[in-house]
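Trainee: This is the structure, below, for whatever I ask next.
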Amino acid sequence: MVTLYEFAGGREPLRKLIDTFYSSVLADPLLQPLFGSGKPSHVDHLTDFDAEAFGGPDTFTRELGFQHLVDVHRGLEITDAQRERFIELYMAAVDKVGLSDDPAFRQALREHVEFGTTVAQQNSHAVTDDQLHPLNAVPHWTWPGPTSTEPADPQEAS
């Protein structure tokens with residue numbers, strides 16, 4: 001079974017996605033307050049997180065660890081509107097960078113970002129550790145594989 005990481009094309013297409021997404025977040029009046037003026041390392045950190053979650057290298061866990069993710073969200077008090085806007089901009093970035101429009105792939109990406117934002121939102125409101133979401137490691141996102149049987153490269157069809 002091909003992983004989401006492999007289907008997306010590896011780290012570079014994911015980095016392009018996250019770079020595009022992050023630029024839109026920093027320009028968005030609803031989300032920008034959560035991110036401030038931005039941090040240059042955030043694109044790489046989020047790329048590493050998504051790559052690991054999608055079946056790629058475990059760079060995020062080895063270099064930062066999941067507790068880092070919990071710590072950066074604590075106290076942000078993410079609203080439902082901010083969570084929904086985050087998902088909207090992430091999926092818009094998927095379109096903008098031209099990642100596959102395969103329905104199963106798109107659904108897996110949406111489910112991943114919806115779940116991740118749910119965890120982040122809960123952790124952002126946690127006053128005590130028992131109020132944190134129970135997730136304590138990068139989730140490994142799976143999917144059934146591409147919906148389409150069409151090859152990714154049109155030259156492979158001949």
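Convention: chains lettered A, B, ... in structure tokens order; per-chain residue numbering from 1; ligands numbered from 1 as shown.
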Find the spatial neighbours of Lys16 (chain A), counting only C-alpha atoms, within a cut-off of 8 Å - ignore same-chain residues fewer than 4 positions away - and output them as a list in words.
Mentor: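 Close residues of Lys16 (chain A): Glu12, Thr20 and Val97 of chain A.
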Trainee: Report as a list of chain:residue names all protein, DNA and RNA residues lying within 8 Å of Phe86 (chain A), evaluated on only C-alpha atoms, omitting residues in the same chain fewer than 5 positions from it.
Mentor: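 Using only C-alpha atoms, the neighbours found are A:Val25, A:Leu31, A:Thr117.
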Trainee: Just write the chosen residues, N, CA and C atoms, as a PDB file, in the first residue's frame.
Mentor:
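Now in part31.pdb:
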```pdb
ATOM      1  N   VAL A  25      -1.984  31.746   6.199  1.00  0.00           N
ATOM      2  CA  VAL A  25      -2.334  31.874   7.620  1.00  0.00           C
ATOM      3  C   VAL A  25      -1.834  33.214   8.165  1.00  0.00           C
ATOM      4  N   LEU A  31      -6.651  34.129  11.718  1.00  0.00           N
ATOM      5  CA  LEU A  31      -5.623  33.205  12.203  1.00  0.00           C
ATOM      6  C   LEU A  31      -4.310  33.869  12.584  1.00  0.00           C
ATOM      7  N   THR A 117      -6.637  19.646  14.141  1.00  0.00           N
ATOM      8  CA  THR A 117      -7.131  20.910  14.682  1.00  0.00           C
ATOM      9  C   THR A 117      -8.036  20.681  15.895  1.00  0.00           C
TER      10      THR A 117
END
```
Trainee: So, with only C-alpha atoms as the atoms that count, which of A:His73, A:Tyr90, A:Ser100, A:Glu84 lies closest to His125 (chain A)?
Mentor: A:His73
Trainee: Give me, please, the distance in Å between CA of Ala51 (chain A) and CA of Pro29 (chain A), quoted to one decimal.
Mentor: 27.5 Å
Trainee: Would you mind reading off the distance between CA of Ala27 (chain A) and CA of Thr79 (chain A), one decimal, in Å?
Mentor: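 Separation between CA of Ala27 (chain A) and CA of Thr79 (chain A): 17.8 Å.
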Trainee: Counting only C-alpha atoms, which of A:Thr118, A:Val113, A:Glu77, A:Arg85 gets nearest to Phe49 (chain A)?
Mentor: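 Closest candidate: A:Val113.
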Trainee: Find the residue from A:Pro33, A:Gly98, A:Gly65, A:Gly38 that sits nearest to Gly9 (chain A); use only C-alpha atoms when measuring.
Mentor: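 Smallest distance to Gly9 (chain A) is found for A:Gly98.
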Trainee: Chain A: which residues are alpha helix (DSSP H) by DSSP, as a PyMOL selection string?
Mentor: chain A and resi 4-8+11-27+32-35+40-53+59-63+66-73+80-97+103-125
Trainee: Let me make sure I understand: among A:Phe21, A:Phe7, A:Phe35, A:Phe66, which one has the smallest atom-to-atom distance to Pro144 (chain A) if we use only C-alpha atoms?
Mentor: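 Counting only C-alpha atoms, the residue closest to Pro144 (chain A) is A:Phe7.
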Trainee: Hey, can you check how far CA of Thr47 (chain A) sits from CA of Leu17 (chain A)?
Mentor: 8.4 Å
Trainee: Nearest to Arg11 (chain A): which of A:Gln32, A:Ala108, A:Pro40, A:His45 is it, counting only C-alpha atoms?
Mentor: A:His45
Trainee: Ranking A:Ala126, A:Lys96, A:Ile18, A:Pro134 by minimum distance to Ile78 (chain A) and counting only C-alpha atoms, which one comes first?
Mentor: A:Ala126
